[in-house]
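Asks: Before I ask anything, here is the structure I am working with.
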There are 2 protein chains.
Amino acid sequence: MGNESGIGIVKTQYYTFAEPPHELILASGEKLGPITLAYETYGELNEDKSNVILISHAFSGDAHVAGYHEGDKKAGWWDSMIGQGKAFDTKKYFIICANVIGGCKGSTGPSSINPKTGKRYALSFPFITIADMINAQKELLDYLDIKQLLCVAGGSMGGMQVLQWVALYPDMVRSAIPIATTLKHSPQQIAFDEVGRQAIMADADWRGGDYYDHGQPEKGLAVARMIGHITYMSDQSMEQKFSRRLKDEKYSFDFKPDFEVEGYLRSRSDVFVERFDANTYLYMTKAMDYFDLSGNNLISTGKTIGTRFLILSFKSDWLYPIYQSLEIVRRLRMRHVDTTYCEIQSTYGHDAFLLEVDEQTRLITHFLKNVYKKKGE
Amino acid sequence: MGNESGIGIVKTQYYTFAEPPHELILASGEKLGPITLAYETYGELNEDKSNVILISHAFSGDAHVAGYHEGDKKAGWWDSMIGQGKAFDTKKYFIICANVIGGCKGSTGPSSINPKTGKRYALSFPFITIADMINAQKELLDYLDIKQLLCVAGGSMGGMQVLQWVALYPDMVRSAIPIATTLKHSPQQIAFDEVGRQAIMADADWRGGDYYDHGQPEKGLAVARMIGHITYMSDQSMEQKFSRRLKDEKYSFDFKPDFEVEGYLRSRSDVFVERFDANTYLYMTKAMDYFDLSGNNLISTGKTIGTRFLILSFKSDWLYPIYQSLEIVRRLRMRHVDTTYCEIQSTYGHDAFLLEVDEQTRLITHFLKNVYKKKGE
């Protein structure tokens, strides 16, 4: 994985819209406004605005997809894929990534101050769906005066956003790259999300969501994240990374972490608790569970779409198994949509969309070149 | 599944041993005593005591494997497999099942009163290994004057006990049926156990294990059990049982359970919290994580064993995947042990060992008949 994006220092930008009385009407019927979206851009917008790529982030991601923030040592979450000469080449394309609404990384979410009350929204924040996220991003593109996207790409919940873009605004989307994702959560995926939510809500420090003056429900949120981490890896990648190696020479005969894998889960979840809002965890997982573009929900009956698809899945991903990607492929081909599918032979599990840089780079570079060229023909 | 064992009403019996100063020395080096084992028996011991089958229970099981307790409507946990004409046929065999030490179903465990203090052990209870469980069961067999077992059988943690019996007392065990089990937990299995433990210990009601005067850490224990339930089922069996069916007609846009699978997890874990001690959860999972009969730990170097094996695994079991059973087979065959292996094409996941009655019955009936006959030849 390359760590040098060539992008250098970037700054998050903010756009605020839906000021009352022009609030955004959500799928639940509730209204939300004002809404701020945190976003970043990389590369240069070309003259006819035909080189715009929107990157959608996963559940715990943010707008900072590439480059470095001033003073930071860590690059954005998909820096390996975005930059000069990379899969999403900033020499050619203009890249946008926005934190979703409901998030906790600069966009309006449950931890934001509700201007009507002067207090944090907490659970008074309305329910958010993936469609609501896309409608908010559409407002950002309108503000930037962008009429069409060369591509929308993302993995996991980012892939759901890609599909939702096509469902809502197919004429705006020239190509789509949904990675390691699904048309709808299976009961097993819902179950894992629900257990994470229960872990958070079981923590006395959650206080019905009103914890902002007291600190996060750290223990519950840590348990939720540990469950997540197990599902993001594969049996094989955990074996390769940890096997049964002990932290010390022998068993402690105590409830302290004996195995390296236990220490890893604890330390990773401690980091997560520092950076991620527990209520956003609840809202985001529910948005994913509600998401359902099966049947004719992806492309409405009678509609023909010109969007070209590249769909990627990973052999060892058991959280978003390949059969779910194949179901997207099947749906698209039945509707005569130009669809390329590739199953990547990774052992990394669901995390592969963040780690398998080389193969994704080859596939995406080629796909984007073809889509971009077509416009000029 | 048959619900009629033909066994009728049974009563749990109790045997107490290791009275100080003759305490049991545990793998940790600590001592434990007195120890009570709760156990049940079914069928009749024959004259030469050659028809004894020991059933080992799984993590949350108990001694009540078949028949009915007075007033109960629900039969024992493997009643479908034990009784007249069933896999473990009580017309022919004498069946014993004992609750493990560390358990909470009548055997000495962390919720028992420590006679030295007059208080519950809680976390002052010593660490228990699978080997300690077997050494305690050996004391019970000595008391019953049983020198040899026709068979030891069990699934999951019960299968670990089967393997441990062979490791410790190979000459006592004529045949062994480890089902849906492993020689050692993988890091993924350890990780799932650790998250369950963290969920319990994160609950303020856990009180460092000293909750007995206040009530269980219900929320944490429920979260742990929900994680367990997901791992016991398969993606496919959850799809068949729940799909995305809603409890009500439409989404609640609330954090109440929307999907049937969510309601199922909550109601099943509520039942579990009523019947299972949280500290036993901690001790049992740690015993499984410490268990490791890989390498020459199952059969020590130079030793030849006469035990015959029937090993069963289930295609959709992703908690104890078939590769783990195949590793047991490989180890045994390398040591020239008579080993039959069968992979059952079930969709039930790990729960299959409790649910796939017909195929297990055919395989076990035939296997036991052969082993039992051999003695007479």
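Residues are referred to by chain and number: the chain letter is A, B, ... according to the order shown in the structure tokens, the number counts from 1 in that chain, and ligands are numbered separately from 1 in the order shown.
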Compile a residue-level contact table for chain B against chain A at a cut-off of 7 Å, reporting for every qualifying residue the shortest atom pair and its distance in Å to one decimal, with only C-alpha atoms counted, rows ordered by chain and ascending number, as CSV.

Replies:
```
residue,atom,partner,partner_atom,distance
B:Ser28,CA,A:Phe253,CA,6.7
B:Phe127,CA,A:Phe253,CA,5.8
B:Ser186,CA,A:Ser243,CA,6.7
B:Pro187,CA,A:Ser243,CA,5.7
B:Gln188,CA,A:Asp235,CA,5.7
B:Ala191,CA,A:Glu262,CA,6.3
B:Glu194,CA,A:Glu262,CA,6.6
B:Val195,CA,A:Val223,CA,6.2
B:Gln198,CA,A:Val223,CA,6.6
B:Ala199,CA,A:Val223,CA,6.0
B:Ala202,CA,A:Lys219,CA,5.5
B:Asp203,CA,A:Asp203,CA,6.5
B:Lys219,CA,A:Ala202,CA,5.5
B:Gly220,CA,A:Ala202,CA,6.8
B:Val223,CA,A:Ala199,CA,6.0
B:Met226,CA,A:Val195,CA,6.5
B:Ile227,CA,A:Val195,CA,6.7
B:Ile230,CA,A:Gln188,CA,6.9
B:Asp235,CA,A:Gln188,CA,5.7
B:Met238,CA,A:Pro187,CA,6.0
B:Glu239,CA,A:Pro187,CA,6.1
B:Phe242,CA,A:Pro187,CA,6.6
B:Ser243,CA,A:Pro187,CA,5.7
B:Arg244,CA,A:Pro187,CA,6.0
B:Phe253,CA,A:Phe127,CA,5.8
B:Val261,CA,A:Pro187,CA,6.3
B:Glu262,CA,A:Ala191,CA,6.3
```

Asks: Pairing every Cα of chain A with chain B in order, what RMSD remains after the least-squares superposition?

Replies: 0.0 Å

Asks: Please measure the separation of atom CA of B:Leu332 and atom CA of B:Tyr320, giving the value in Å to one decimal.

Replies: 18.2 Å

Asks: Within stretch 182-293 of chain A, find each residue whose DSSP state, derived from the backbone, is helix (DSSP H, G or I), and express the selection as a PyMOL selection string.

Replies: chain A and resi 187-202+204-209+218-232+235-241+260-275+278-290

Asks: Convert the current residue selection to file output with C-alpha atoms, as a PDB file, in the first residue's frame.

Replies:
```
ATOM      1  CA  PRO A 187     -30.998 -11.322   9.090  1.00  0.00           C
ATOM      2  CA  GLN A 188     -27.461 -12.253  10.181  1.00  0.00           C
ATOM      3  CA  GLN A 189     -26.200  -8.763   9.322  1.00  0.00           C
ATOM      4  CA  ILE A 190     -29.187  -7.208  11.096  1.00  0.00           C
ATOM      5  CA  ALA A 191     -28.486  -9.446  14.088  1.00  0.00           C
ATOM      6  CA  PHE A 192     -24.856  -8.328  14.368  1.00  0.00           C
ATOM      7  CA  ASP A 193     -25.957  -4.686  14.151  1.00  0.00           C
ATOM      8  CA  GLU A 194     -28.661  -5.231  16.752  1.00  0.00           C
ATOM      9  CA  VAL A 195     -26.229  -6.820  19.207  1.00  0.00           C
ATOM     10  CA  GLY A 196     -23.925  -3.827  18.796  1.00  0.00           C
ATOM     11  CA  ARG A 197     -26.823  -1.471  19.506  1.00  0.00           C
ATOM     12  CA  GLN A 198     -27.887  -3.524  22.516  1.00  0.00           C
ATOM     13  CA  ALA A 199     -24.332  -3.413  23.870  1.00  0.00           C
ATOM     14  CA  ILE A 200     -24.336   0.401  23.676  1.00  0.00           C
ATOM     15  CA  MET A 201     -27.822   0.823  25.116  1.00  0.00           C
ATOM     16  CA  ALA A 202     -27.030  -1.674  27.917  1.00  0.00           C
ATOM     17  CA  ALA A 204     -25.627   2.732  32.084  1.00  0.00           C
ATOM     18  CA  ASP A 205     -23.446   5.576  30.767  1.00  0.00           C
ATOM     19  CA  TRP A 206     -25.535   5.717  27.607  1.00  0.00           C
ATOM     20  CA  ARG A 207     -28.279   7.484  29.648  1.00  0.00           C
ATOM     21  CA  GLY A 208     -30.943   7.115  26.973  1.00  0.00           C
ATOM     22  CA  GLY A 209     -28.609   8.869  24.551  1.00  0.00           C
ATOM     23  CA  GLU A 218     -17.318   3.644  26.593  1.00  0.00           C
ATOM     24  CA  LYS A 219     -17.706   0.035  27.628  1.00  0.00           C
ATOM     25  CA  GLY A 220     -20.805  -0.653  25.587  1.00  0.00           C
ATOM     26  CA  LEU A 221     -19.399   1.105  22.540  1.00  0.00           C
ATOM     27  CA  ALA A 222     -16.166  -0.872  22.904  1.00  0.00           C
ATOM     28  CA  VAL A 223     -18.094  -4.167  22.962  1.00  0.00           C
ATOM     29  CA  ALA A 224     -20.027  -3.125  19.852  1.00  0.00           C
ATOM     30  CA  ARG A 225     -16.798  -2.271  18.055  1.00  0.00           C
ATOM     31  CA  MET A 226     -15.151  -5.562  19.052  1.00  0.00           C
ATOM     32  CA  ILE A 227     -18.041  -7.471  17.481  1.00  0.00           C
ATOM     33  CA  GLY A 228     -17.583  -5.308  14.411  1.00  0.00           C
ATOM     34  CA  HIS A 229     -13.865  -6.048  14.221  1.00  0.00           C
ATOM     35  CA  ILE A 230     -14.445  -9.791  14.291  1.00  0.00           C
ATOM     36  CA  THR A 231     -16.870  -9.505  11.393  1.00  0.00           C
ATOM     37  CA  TYR A 232     -14.510  -7.283   9.390  1.00  0.00           C
ATOM     38  CA  ASP A 235     -11.111 -16.688  10.240  1.00  0.00           C
ATOM     39  CA  GLN A 236      -8.026 -17.056   8.062  1.00  0.00           C
ATOM     40  CA  SER A 237      -6.738 -13.494   8.457  1.00  0.00           C
ATOM     41  CA  MET A 238      -7.126 -13.743  12.244  1.00  0.00           C
ATOM     42  CA  GLU A 239      -5.186 -17.005  12.172  1.00  0.00           C
ATOM     43  CA  GLN A 240      -2.438 -15.367  10.111  1.00  0.00           C
ATOM     44  CA  LYS A 241      -2.319 -12.258  12.288  1.00  0.00           C
ATOM     45  CA  GLU A 260      -2.847 -11.411  21.440  1.00  0.00           C
ATOM     46  CA  VAL A 261      -6.189 -11.339  19.666  1.00  0.00           C
ATOM     47  CA  GLU A 262      -7.862 -10.273  22.916  1.00  0.00           C
ATOM     48  CA  GLY A 263      -5.385  -7.459  23.433  1.00  0.00           C
ATOM     49  CA  TYR A 264      -5.857  -6.348  19.831  1.00  0.00           C
ATOM     50  CA  LEU A 265      -9.647  -6.169  20.159  1.00  0.00           C
ATOM     51  CA  ARG A 266      -9.393  -4.176  23.370  1.00  0.00           C
ATOM     52  CA  SER A 267      -6.821  -1.684  22.105  1.00  0.00           C
ATOM     53  CA  ARG A 268      -8.572  -1.147  18.771  1.00  0.00           C
ATOM     54  CA  SER A 269     -11.926  -0.604  20.426  1.00  0.00           C
ATOM     55  CA  ASP A 270     -10.364   1.846  22.912  1.00  0.00           C
ATOM     56  CA  VAL A 271      -9.152   3.926  19.974  1.00  0.00           C
ATOM     57  CA  PHE A 272     -12.594   3.755  18.380  1.00  0.00           C
ATOM     58  CA  VAL A 273     -14.317   4.959  21.534  1.00  0.00           C
ATOM     59  CA  GLU A 274     -12.116   8.064  21.443  1.00  0.00           C
ATOM     60  CA  ARG A 275     -13.141   9.000  17.933  1.00  0.00           C
ATOM     61  CA  ALA A 278     -22.134   6.122  20.242  1.00  0.00           C
ATOM     62  CA  ASN A 279     -25.429   7.571  19.017  1.00  0.00           C
ATOM     63  CA  THR A 280     -24.066   7.765  15.473  1.00  0.00           C
ATOM     64  CA  TYR A 281     -23.316   4.049  15.852  1.00  0.00           C
ATOM     65  CA  LEU A 282     -27.005   3.452  16.559  1.00  0.00           C
ATOM     66  CA  TYR A 283     -28.269   5.639  13.707  1.00  0.00           C
ATOM     67  CA  MET A 284     -25.829   4.346  11.080  1.00  0.00           C
ATOM     68  CA  THR A 285     -26.473   0.663  11.791  1.00  0.00           C
ATOM     69  CA  LYS A 286     -30.216   1.244  11.661  1.00  0.00           C
ATOM     70  CA  ALA A 287     -29.855   3.076   8.323  1.00  0.00           C
ATOM     71  CA  MET A 288     -28.028   0.023   6.955  1.00  0.00           C
ATOM     72  CA  ASP A 289     -30.611  -2.399   8.339  1.00  0.00           C
ATOM     73  CA  TYR A 290     -33.485  -0.420   6.777  1.00  0.00           C
TER      74      TYR A 290
END
```

Asks: Could you name the residues that touch B:Thr108 at 9 Å or less, counting only C-alpha atoms, but leaving out those on the same chain fewer than 4 positions away, as an NGL selection string?

Replies: :B and (33-38 or 99-104 or 112-113)

Asks: Can you tell me, as a list in words, which residues in stretch 4-74 of chain B count as strand (DSSP E or B) by DSSP?

Replies: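 Of stretch 4-74 of chain B, only Ile9, Gln13, Tyr14, Tyr15, Thr16, Phe17, Leu24, Ile25, Lys31, Leu32, Ile35, Thr36, Leu37, Ala38, Tyr39, Glu40, Thr41, Tyr42, Val52, Ile53, Leu54, Ile55, Ser56 and Tyr68 of chain B fall in strand (DSSP E or B).
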
Asks: Write out as an mmCIF file with N, CA and C atoms, in the first residue's frame which residues come within 9 Å of B:Gly67 when counting only C-alpha atoms, dropping same-chain ones fewer than 6 positions away.

Replies:
```cif
data_model
loop_
_atom_site.group_PDB
_atom_site.id
_atom_site.type_symbol
_atom_site.label_atom_id
_atom_site.label_comp_id
_atom_site.auth_asym_id
_atom_site.auth_seq_id
_atom_site.Cartn_x
_atom_site.Cartn_y
_atom_site.Cartn_z
ATOM 1 N N GLU B 4 -40.606 -37.955 22.678
ATOM 2 C CA GLU B 4 -40.880 -38.995 23.655
ATOM 3 C C GLU B 4 -39.654 -39.873 23.818
ATOM 4 N N SER B 5 -38.991 -39.741 24.904
ATOM 5 C CA SER B 5 -37.791 -40.537 25.113
ATOM 6 C C SER B 5 -38.145 -41.926 25.606
ATOM 7 N N GLY B 6 -39.376 -42.079 26.111
ATOM 8 C CA GLY B 6 -39.719 -43.338 26.758
ATOM 9 C C GLY B 6 -39.047 -43.449 28.115
ATOM 10 N N ILE B 7 -38.321 -42.402 28.497
ATOM 11 C CA ILE B 7 -37.580 -42.445 29.762
ATOM 12 C C ILE B 7 -38.469 -42.020 30.917
ATOM 13 N N GLY B 8 -39.384 -41.122 30.620
ATOM 14 C CA GLY B 8 -40.309 -40.657 31.656
ATOM 15 C C GLY B 8 -39.647 -39.715 32.633
ATOM 16 N N ILE B 9 -40.082 -39.794 33.896
ATOM 17 C CA ILE B 9 -39.605 -38.853 34.910
ATOM 18 C C ILE B 9 -38.219 -39.272 35.417
ATOM 19 N N VAL B 10 -37.324 -38.311 35.437
ATOM 20 C CA VAL B 10 -35.977 -38.566 35.977
ATOM 21 C C VAL B 10 -35.673 -37.553 37.068
ATOM 22 N N TYR B 42 -29.624 -42.965 32.889
ATOM 23 C CA TYR B 42 -30.781 -43.515 32.167
ATOM 24 C C TYR B 42 -30.408 -44.925 31.726
ATOM 25 N N LYS B 74 -40.831 -29.603 29.400
ATOM 26 C CA LYS B 74 -39.748 -29.673 28.430
ATOM 27 C C LYS B 74 -38.806 -30.813 28.799
ATOM 28 N N ALA B 75 -38.459 -31.622 27.811
ATOM 29 C CA ALA B 75 -37.562 -32.753 28.056
ATOM 30 C C ALA B 75 -36.119 -32.259 28.129
ATOM 31 N N GLY B 76 -35.201 -33.167 28.486
ATOM 32 C CA GLY B 76 -33.775 -32.844 28.546
ATOM 33 C C GLY B 76 -33.248 -32.384 27.187
ATOM 34 N N ASP B 79 -32.877 -35.093 24.404
ATOM 35 C CA ASP B 79 -33.884 -36.133 24.534
ATOM 36 C C ASP B 79 -34.171 -36.816 23.198
ATOM 37 N N ILE B 82 -31.569 -39.683 23.038
ATOM 38 C CA ILE B 82 -31.362 -40.620 24.144
ATOM 39 C C ILE B 82 -32.697 -41.189 24.604
ATOM 40 N N GLY B 83 -32.830 -42.498 24.564
ATOM 41 C CA GLY B 83 -34.075 -43.144 24.983
ATOM 42 C C GLY B 83 -34.229 -44.484 24.273
#
```
